[in-house]
Amino acid sequence: ANLSVNGSKVEFQQSGKGPDLLLLHSLLTELTVFDRIAPVLSANRRVTCVNLPGFGASAALALGSVAEYADHVAKTMDALALPADTAVFGNGFGAFVALELAIRHGRRFGQVAVRGMAEKVRAGGMPAVLDTAIGRMFPPAFAAAHPEVVAARKAALSPADPECFARACLALAALDLRPGL
C-alpha cells in the first residue's frame with residue numbers, strides 16, 4: 001500500500017493486530033526483507049514495514065542526514081496514525097534512523113520502556129521487573145519451551161540492586177551520543 005507524507009509517496013505493508021511494531025530496513029535492503037519474519041510477529045502485533053525514501057515505491061527525497069530520515073519516519077508514523085506506544089525496530093541503517101527517532105521524537109511516543117522499568121523497580125524491587133525483563137530476553141514460545149532457562153535468568157537477575165538498576169534504566173533513557181559523535 002502507499003500513502004502520502006507531505007506530498008511524497010511512502011510504500012508500506014501492515015498486518016496483524018495487537019500492540020504496534022514498526023520495522024525499518026537496512027541500507028542494503030527494502031521492506032520485503034521482513035517478509036519471512038513479519039507473519040510470525042503479526043500473530044501478536046500489528047506490524048508495519050515502511051520503505052525509506054528512494055527504496056521500493058517510496059518517493060526519492062533529498063535527505064542529507066539520518067536526523068532528516070528520522071523526521072520523515074516520524075511524519076510517516078503520524079500519517080499512519082501509529083500510537084504513542086509503538087515499538088520501533090531498525091536493522092542496519094534503519095537502526096540508526098530508529099536511534100535518531102528516539103533522540104529527536106522520543107518524548108512524543110509516550111513513556112520510554114526503561115523509564116517504566118525504573119519506576120516499577122523502585123516501587124517493588126527486582127521482582128517487579130523480572131517478568132518484563134524475561135519478556136525482552138526471550139520470545140514467548142522459547143520461554144514456554146525452556147522454563148529452566150527462564151528460571152536461571154530470573155535467579156541471576158534477582159539479586160541486582162534495585163536502585164542501581166533504576167539508575168541504569170534512567171541513564172539509558174537519557175542517553176544522547178550526539179556530542180561525542
# chains A, B, ... in the order shown; residues from 1 in each chain; ligands from 1

call {"tool": "select_by_dssp", "arguments": {"residues": "segment 5-163 of chain A", "states": "strand (DSSP E or B)", "output": "VMD selection string"}}
result
chain A and resid 5 8 to 15 20 to 24 46 to 50 87 to 90

call {"tool": "write_last_selection", "arguments": {"atoms": "C-alpha atoms", "output": "tab-separated table (two decimals), in the first residue's frame"}}
result
chain	number	residue	atom	x	y	z
A	5	VAL	CA	3.53	12.12	3.59
A	8	SER	CA	5.55	12.33	-1.14
A	9	LYS	CA	4.61	8.69	-1.67
A	10	VAL	CA	5.58	6.23	1.08
A	11	GLU	CA	5.21	2.50	0.46
A	12	PHE	CA	4.25	0.39	3.45
A	13	GLN	CA	2.87	-3.00	4.45
A	14	GLN	CA	0.78	-3.59	7.53
A	15	SER	CA	-0.51	-6.84	9.01
A	20	ASP	CA	2.14	-1.75	17.17
A	21	LEU	CA	5.62	-2.57	15.86
A	22	LEU	CA	7.34	-0.52	13.14
A	23	LEU	CA	10.17	-2.19	11.20
A	24	LEU	CA	12.81	-0.11	9.38
A	46	ARG	CA	0.19	-5.04	14.25
A	47	VAL	CA	3.38	-4.93	12.19
A	48	THR	CA	4.12	-2.01	9.90
A	49	CYS	CA	7.04	-2.07	7.45
A	50	VAL	CA	7.87	1.08	5.51
A	87	ALA	CA	7.75	-0.16	19.30
A	88	VAL	CA	10.36	0.59	16.62
A	89	PHE	CA	12.94	-1.90	15.35
A	90	GLY	CA	15.57	-0.95	12.83

call {"tool": "closest_atom_pairs", "arguments": {"of": "segment 76-118 of chain A", "to": "segment 65-71 of chain A", "cutoff": "7 Å", "atoms": "only C-alpha atoms", "output": "tab-separated table"}}
result
residue	atom	partner	partner_atom	distance
A:Val97	CA	A:Ala70	CA	5.2
A:Ala98	CA	A:Ala70	CA	6.8
A:Glu100	CA	A:Ala67	CA	5.7
A:Leu101	CA	A:Ala70	CA	4.8

call {"tool": "write_last_selection", "arguments": {"atoms": "C-alpha atoms", "output": "short mmCIF file (atom, residue, chain, number, x, y, z; two decimals), in the first residue's frame"}}
result
data_model
loop_
_atom_site.label_atom_id
_atom_site.label_comp_id
_atom_site.auth_asym_id
_atom_site.auth_seq_id
_atom_site.Cartn_x
_atom_site.Cartn_y
_atom_site.Cartn_z
CA VAL A 97 17.20 6.02 11.96
CA ALA A 98 15.38 4.46 14.93
CA GLU A 100 17.64 9.35 15.87
CA LEU A 101 13.87 8.91 16.03
#

call {"tool": "residues_around", "arguments": {"residues": "segment 133-137 of chain A", "least_positions_apart": "6", "cutoff": "10 Å", "atoms": "only C-alpha atoms", "output": "MDAnalysis selection string"}}
result
chainID A and resid 117 126 143 149:151 153:154 157

call {"tool": "residues_around", "arguments": {"residues": "Thr32 of chain A", "least_positions_apart": "3", "cutoff": "9 Å", "atoms": "only C-alpha atoms", "output": "PyMOL selection string"}}
result
chain A and resi 25+29+35-36+49+51

call {"tool": "residues_around", "arguments": {"residues": "Ile103 of chain A", "least_positions_apart": "6", "cutoff": "9 Å", "atoms": "only C-alpha atoms", "output": "VMD selection string"}}
result
chain A and resid 174 to 176

call {"tool": "closest_residue", "arguments": {"among": "A:Ala43, A:Gly54, A:Pro19, A:Ala62", "to": "Pro83 of chain A", "atoms": "only C-alpha atoms"}}
result
A:Pro19

call {"tool": "residues_around", "arguments": {"residues": "Ala79 of chain A", "least_positions_apart": "4", "cutoff": "8 Å", "atoms": "only C-alpha atoms", "output": "VMD selection string"}}
result
chain A and resid 3 to 5 75

call {"tool": "write_last_selection", "arguments": {"atoms": "N, CA, C and O atoms", "output": "PDB file, in the first residue's frame"}}
result
ATOM      1  N   LEU A   3       0.924   5.656   0.915  1.00  0.00           N
ATOM      2  CA  LEU A   3       0.272   6.819   1.486  1.00  0.00           C
ATOM      3  C   LEU A   3       1.108   8.031   1.157  1.00  0.00           C
ATOM      4  O   LEU A   3       2.258   7.917   0.716  1.00  0.00           O
ATOM      5  N   SER A   4       0.527   9.204   1.355  1.00  0.00           N
ATOM      6  CA  SER A   4       1.224  10.447   1.072  1.00  0.00           C
ATOM      7  C   SER A   4       1.677  11.082   2.382  1.00  0.00           C
ATOM      8  O   SER A   4       0.887  11.235   3.311  1.00  0.00           O
ATOM      9  N   VAL A   5       2.961  11.426   2.433  1.00  0.00           N
ATOM     10  CA  VAL A   5       3.531  12.116   3.592  1.00  0.00           C
ATOM     11  C   VAL A   5       4.136  13.415   3.068  1.00  0.00           C
ATOM     12  O   VAL A   5       5.113  13.386   2.317  1.00  0.00           O
ATOM     13  N   LYS A  75       6.942  11.659  10.655  1.00  0.00           N
ATOM     14  CA  LYS A  75       5.784  12.136   9.877  1.00  0.00           C
ATOM     15  C   LYS A  75       5.007  10.954   9.294  1.00  0.00           C
ATOM     16  O   LYS A  75       3.785  10.983   9.223  1.00  0.00           O
TER      17      LYS A  75
END

call {"tool": "select_by_dssp", "arguments": {"residues": "segment 22-160 of chain A", "states": "helix (DSSP H, G or I)", "output": "ChimeraX atom specification"}}
result
/A:31-34,38-41,66-79,93-109,113-124,127-137,140-145,147-157

call {"tool": "write_last_selection", "arguments": {"atoms": "C-alpha atoms", "output": "CSV table (one decimal), in the first residue's frame"}}
result
chain,number,residue,atom,x,y,z
A,31,LEU,CA,10.7,-3.7,3.3
A,32,THR,CA,10.5,-7.1,1.7
A,33,VAL,CA,13.5,-8.1,3.8
A,34,PHE,CA,10.9,-8.6,6.6
A,38,ALA,CA,6.5,-10.2,9.7
A,39,PRO,CA,3.9,-13.0,9.6
A,40,VAL,CA,5.4,-14.5,12.8
A,41,LEU,CA,5.4,-11.1,14.5
A,66,VAL,CA,20.0,10.4,9.5
A,67,ALA,CA,18.1,13.0,11.5
A,68,GLU,CA,16.2,14.0,8.4
A,69,TYR,CA,15.3,10.4,7.8
A,70,ALA,CA,14.1,10.2,11.4
A,71,ASP,CA,11.9,13.3,10.9
A,72,HIS,CA,10.5,11.7,7.8
A,73,VAL,CA,9.7,8.4,9.7
A,74,ALA,CA,8.0,10.5,12.5
A,75,LYS,CA,5.8,12.1,9.9
A,76,THR,CA,5.1,8.7,8.3
A,77,MET,CA,4.1,7.4,11.8
A,78,ASP,CA,1.7,10.3,12.1
A,79,ALA,CA,0.2,9.7,8.6
A,93,PHE,CA,20.7,1.9,8.6
A,94,GLY,CA,17.2,1.5,10.0
A,95,ALA,CA,18.6,1.1,13.5
A,96,PHE,CA,20.4,4.4,13.2
A,97,VAL,CA,17.2,6.0,12.0
A,98,ALA,CA,15.4,4.5,14.9
A,99,LEU,CA,18.0,5.8,17.3
A,100,GLU,CA,17.6,9.3,15.9
A,101,LEU,CA,13.9,8.9,16.0
A,102,ALA,CA,14.2,8.2,19.8
A,103,ILE,CA,16.5,11.1,20.3
A,104,ARG,CA,14.6,13.6,18.2
A,105,HIS,CA,11.0,12.5,18.8
A,106,GLY,CA,11.1,10.1,21.7
A,107,ARG,CA,9.1,12.3,24.0
A,108,ARG,CA,6.0,12.3,21.7
A,109,PHE,CA,5.9,8.5,21.7
A,113,ALA,CA,10.1,1.5,28.4
A,114,VAL,CA,13.2,1.7,30.5
A,115,ARG,CA,11.7,4.7,32.4
A,116,GLY,CA,8.7,2.5,33.2
A,117,MET,CA,11.0,-0.3,34.5
A,118,ALA,CA,12.8,2.2,36.7
A,119,GLU,CA,9.5,3.2,38.3
A,120,LYS,CA,8.5,-0.4,38.8
A,121,VAL,CA,11.8,-1.5,40.3
A,122,ARG,CA,11.8,1.5,42.7
A,123,ALA,CA,8.3,0.7,43.8
A,124,GLY,CA,8.5,-3.1,44.1
A,127,PRO,CA,10.7,-9.0,41.5
A,128,ALA,CA,8.5,-6.2,39.9
A,129,VAL,CA,10.6,-6.2,36.7
A,130,LEU,CA,11.6,-9.9,36.3
A,131,ASP,CA,8.7,-10.8,34.0
A,132,THR,CA,9.3,-7.7,31.9
A,133,ALA,CA,13.0,-8.4,31.7
A,134,ILE,CA,12.4,-12.1,30.7
A,135,GLY,CA,9.8,-10.9,28.1
A,136,ARG,CA,12.5,-8.8,26.5
A,137,MET,CA,15.1,-11.6,26.6
A,140,PRO,CA,7.1,-16.4,24.5
A,141,ALA,CA,7.4,-19.7,22.6
A,142,PHE,CA,11.1,-20.1,23.7
A,143,ALA,CA,10.2,-19.2,27.3
A,144,ALA,CA,7.4,-21.7,27.3
A,145,ALA,CA,9.6,-24.5,25.9
A,147,PRO,CA,11.3,-22.9,31.7
A,148,GLU,CA,14.7,-23.9,33.2
A,149,VAL,CA,16.4,-21.1,31.1
A,150,VAL,CA,13.8,-18.6,32.3
A,151,ALA,CA,14.2,-19.7,35.9
A,152,ALA,CA,18.0,-19.4,35.7
A,153,ARG,CA,17.9,-15.9,34.2
A,154,LYS,CA,15.4,-14.8,36.8
A,155,ALA,CA,17.6,-16.2,39.6
A,156,ALA,CA,20.7,-14.5,38.1
A,157,LEU,CA,18.9,-11.1,37.8

call {"tool": "closest_residue", "arguments": {"among": "A:Leu52, A:Ser26, A:Ser42, A:Leu61", "to": "Gly7 of chain A", "atoms": "only C-alpha atoms"}}
result
A:Leu61
